[in-house]
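Here's the structure we're looking at; comments come further down.
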Amino acid sequence: MTAVSGSPRSSRLRRTRVAQALDNRGTLIATLLVPVLIFFVLFNTIPTLWLLGLSFYNYSLTSGSPPSFVGFRNFIQIFNNRNNIWADLSRTFTFVVFGVGIQTVLGLALGFLFWGSKEMPGRRVALTMLFTPMVLTPVATGTFFRFIYDPDFGVLNVILHGLFSTRPINFLSEPGTAFWAVLAVDCWMWTPFMILMALAALGSVPKAELEAAEVDRLPWRKRLTLVIWHHGKFILMLGILLRTIDSFKTLDLIIPLTKGGPGQETRLVAMEVNKQAFESFNMGWSSAYSVLLLLISIAMTSVFIFILNLRRRRGA
Amino acid sequence: MNGRGFRQHLYYAALWLVALFFFAPVAWIVLSSFKTREQILAVPPKLIFVPTLANYTDLLSRQGLLLQVFNSIFLSVVAVCVAVVVSFLAAFCFSRFKPKGTDFLMFLLLSIRMLPGPAVILPVYLMYAGFGWKDNHFWLVMFYAMFSIPFSVWILKGFLDGVSVRFDETGLVNGGSWFHVIFRVVMPQVKPGLIAAFIFNMIFVWNEFLFNFIIGGVSTQNIPYALAVGTYSDGGVNWTFIASMTTIYVIPPILFIYFFQKYLLVGMTFGTVRGEV
């Protein structure tokens with residue numbers, strides 16, 4: 001940090017001080033960056049390199065034998081579908097597509113509904129209630145939804161029985177329903193986020209243009225495509241992308257709900273890495289799996305940044 | 001009542017219904033926390049019952065609860081404080097001096113948050129196990145701080161970019177040190193960013209379970225850990241504990257999103273979307 005103190009007396013002196021400060025720019029930059037770099041290198045760069053290295057080893061914590069170098073064997077096994085991991089990947093893909101799709105559609109519909117409710121009495125309380133699912137501890141959400149889905153005393157079966165007089169359905173243990181039951185909980189948790197994003201997107205549409213469209217008697221369909229979509233699309237895209245990334249990571253909801261079962265019906269990629277690493281302790285194999293996921297998330301991050309830059313360039 | 005007023009009421013009623021629909025499961029948890037075990041498991045579920053506070057008094061006598069509550073608060077507050085200070089300095093540097101590799105570093109920071117939790121924690125677990133850092137408050141705080149940094153840097157850089165460089169120049173020309181400029185001139189202007197970074201990282205660490213479970217241990221366990229591990233008792237799921245604990249535990253986040261609603265958008269989008277809802 002540069003030591004510039006006291007009050008300036010002349011413009012000449014002032015200029016020297018600025019120059020002095022600029023001279024020490026390098027020191028200043030270093031001082032500002034050192035803390036973040038320490039954190040980053042110690043807790044991220046080194047572990048990531050470790051992960052990359054380990055992915056070429058066969059290393060099991062339970063066998064007690066030291067890691068043995070196996071070259072590309074782990075990666076070849078990934079391509080040869082060991083542990084049926086392609087099924088996990090495609091299941092995760094389905095989960096993301098359906099989950100984010102449903103949440104986007106619902107979020108947009110409800111966002112339009114909430115648009116223009118600024119004057120509503122108690123709006124703040126209503127919005128807080130609406131957004132609560134997002135901040136509820138996921139572990140608790142999962143556990144409690146297991147209770148709600150319970151075939152014997154779960155409230156959902158009681159409601160369904162009352163409405164359609166169905167027989168009790170064991171949502172979380174039947175192969176046909178487990179995946180969709182988990183997806184429904186995910187939608188309950190994250191539709192509010194898409195509502196939030198839809199509201200933000202709608203809020204970014206300039207009032208003047210909407211009024212102009214009103215004056216011009218533009219039909220609704222054109223208003224939507226020409227005015228609203230034009231201004232709101234970037235925020236909506238960011239929202240969809242953030243949701244995609246987050247839903248790709250879904251884990252602490254599934255642990256208490258189904259633990260990946262029945263069979264591997266609800267086993268998403270994060271769940272499988274967790275199981276291979278911290279239940280079976282196959283560190284080498286799960287490192288290789290993690291490297292694969294790392295590549296996927298780097299790709300998704302790139303898309304995210306690409307859209308951000310697009311938005312910045314258009315000045316929207 | 002005229003037609004317009006009636007339609008207005010109908011519209012508001014619909015909005016309230018939507019909000020209530022999303023809140024209903026939470027309400028069910030809260031309601032259950034005032035029931036006895038038998039009432040919770042009753043078929044059909046009881047809506048009207050004599051509320052009992054027994055679950056909450058049981059909670060107080062639960063072993064290790066004090067430690068878990070302390071850990072929850074300690075870990076989230078300390079880790080996020082460290083993260084916000086470190087990130088503010090870094091974000092200031094990125095925003096003002098744009099050193100070489102800024103974009104790349106911002107990209108790397110973000111990609112940590114995009115990776116599934118187990119893949120992040122796996123090498124860290126091996127490192128912690130190797131050095132004997134597991135089950136240690138200091139190292140767990142450091143890890144949580146690292147995990148909160150990307151989010152905070154992104155939020156704060158967005159805000160700092162919005163503060164004109166003129167302020168820095170004026171401060172410097174008038175004889176202020178960089179220290180003065182950073183903390184006295186610029187920092188007050190990005191207060192909303194600091195608050196958003198603080199609250200959203202705090203909610204994250206507050207609810208975090210996996211990392212605490214893997215690199216923490218008996219002495220660092222927080223409430224989500226207790227909720228996940230202490231689920232079973234007496235040959236069944238301990239619903240009374242889950243209901244009452246969750247009810248208490250969700251109060252701080254709810255208060256946060258009530259009082260800081262205008263930061264919600266900034267907070268949930270890495271600072272990439274600004275505005276109020």
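A note on labels: chains of the structure tokens are A, B, ... as shown, every chain counts residues from 1, and ligands are counted from 1 in their shown order.
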List every residue of chain A that has an atom at most 6 Å from any atom of chain B, and for each one report the closest atom pair and its distance in Å to one decimal, counting only C-alpha atoms, with rows sorted by chain and then by increasing residue number, as JSON lines.
```
{"residue": "A:Val4", "atom": "CA", "partner": "B:Ser177", "partner_atom": "CA", "distance": 4.9}
{"residue": "A:Ser7", "atom": "CA", "partner": "B:Gly175", "partner_atom": "CA", "distance": 5.8}
{"residue": "A:Pro8", "atom": "CA", "partner": "B:Gly175", "partner_atom": "CA", "distance": 5.9}
{"residue": "A:Leu32", "atom": "CA", "partner": "B:Leu89", "partner_atom": "CA", "distance": 5.1}
{"residue": "A:Leu33", "atom": "CA", "partner": "B:Ala90", "partner_atom": "CA", "distance": 5.3}
{"residue": "A:Val36", "atom": "CA", "partner": "B:Val86", "partner_atom": "CA", "distance": 5.9}
{"residue": "A:Phe39", "atom": "CA", "partner": "B:Met146", "partner_atom": "CA", "distance": 5.9}
{"residue": "A:Pro47", "atom": "CA", "partner": "B:Pro123", "partner_atom": "CA", "distance": 5.0}
{"residue": "A:Leu51", "atom": "CA", "partner": "B:Pro123", "partner_atom": "CA", "distance": 5.6}
{"residue": "A:Ala126", "atom": "CA", "partner": "B:Ala19", "partner_atom": "CA", "distance": 5.6}
{"residue": "A:Thr128", "atom": "CA", "partner": "B:Tyr258", "partner_atom": "CA", "distance": 5.6}
{"residue": "A:Met129", "atom": "CA", "partner": "B:Phe23", "partner_atom": "CA", "distance": 5.5}
{"residue": "A:Leu130", "atom": "CA", "partner": "B:Ala19", "partner_atom": "CA", "distance": 4.6}
{"residue": "A:Leu136", "atom": "CA", "partner": "B:Val250", "partner_atom": "CA", "distance": 5.9}
{"residue": "A:Thr137", "atom": "CA", "partner": "B:Asn207", "partner_atom": "CA", "distance": 4.9}
{"residue": "A:Phe153", "atom": "CA", "partner": "B:Val43", "partner_atom": "CA", "distance": 5.7}
{"residue": "A:Lys249", "atom": "CA", "partner": "B:Pro116", "partner_atom": "CA", "distance": 4.5}
{"residue": "A:Ala270", "atom": "CA", "partner": "B:Pro116", "partner_atom": "CA", "distance": 5.7}
{"residue": "A:Asn274", "atom": "CA", "partner": "B:Pro118", "partner_atom": "CA", "distance": 5.2}
{"residue": "A:Ser290", "atom": "CA", "partner": "B:Ala119", "partner_atom": "CA", "distance": 5.0}
{"residue": "A:Ser297", "atom": "CA", "partner": "B:Met114", "partner_atom": "CA", "distance": 5.6}
{"residue": "A:Ile298", "atom": "CA", "partner": "B:Ser111", "partner_atom": "CA", "distance": 5.9}
{"residue": "A:Thr301", "atom": "CA", "partner": "B:Ser111", "partner_atom": "CA", "distance": 5.9}
```
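Look at stretch 166-169 of chain A: the protein and nucleic acid residues within 7 Å of it, using only C-alpha atoms and passing over chain neighbours fewer than 6 places away, are Pro151, Asn157 and Leu160 of chain A.
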Please produce a file of the residues just selected, as a PDB file, in the first residue's frame, where the atoms kept are N, CA and C atoms.
```pdb
ATOM      1  N   PRO A 151     -46.641 -43.731   1.366  1.00  0.00           N
ATOM      2  CA  PRO A 151     -47.869 -44.428   0.963  1.00  0.00           C
ATOM      3  C   PRO A 151     -48.842 -44.635   2.126  1.00  0.00           C
ATOM      4  N   ASN A 157     -51.079 -38.859  -0.825  1.00  0.00           N
ATOM      5  CA  ASN A 157     -51.944 -40.000  -1.120  1.00  0.00           C
ATOM      6  C   ASN A 157     -53.346 -39.798  -0.581  1.00  0.00           C
ATOM      7  N   LEU A 160     -55.021 -37.481  -3.053  1.00  0.00           N
ATOM      8  CA  LEU A 160     -55.329 -38.202  -4.290  1.00  0.00           C
ATOM      9  C   LEU A 160     -56.485 -39.167  -4.075  1.00  0.00           C
TER      10      LEU A 160
END
```
Worksheet item: Which polymer residues have any atom within 12 Å of an atom of B:Lys134, counting only C-alpha atoms, with same-chain residues fewer than 2 positions away left out, as a ChimeraX atom specification?
Response: /B:124-132,136-143,211-221
Worksheet item: Can you list every residue in stretch 102-262 of chain A that DSSP puts in alpha helix (DSSP H), as JSON, numbers by chain?
Response: {"A": [102, 103, 104, 105, 106, 107, 108, 109, 110, 111, 112, 113, 114, 123, 124, 125, 126, 127, 128, 129, 130, 131, 132, 133, 134, 135, 138, 139, 140, 141, 142, 143, 144, 145, 146, 147, 148, 155, 156, 157, 158, 159, 160, 161, 162, 163, 164, 175, 176, 177, 178, 179, 180, 181, 182, 183, 184, 185, 186, 187, 188, 189, 190, 191, 192, 193, 194, 195, 196, 197, 198, 199, 200, 201, 202, 203, 207, 208, 209, 210, 211, 212, 213, 214, 215, 220, 221, 222, 229, 230, 231, 232, 233, 234, 235, 236, 237, 238, 239, 240, 241, 242, 243, 244, 245, 246, 247, 248, 254, 255, 256, 257]}
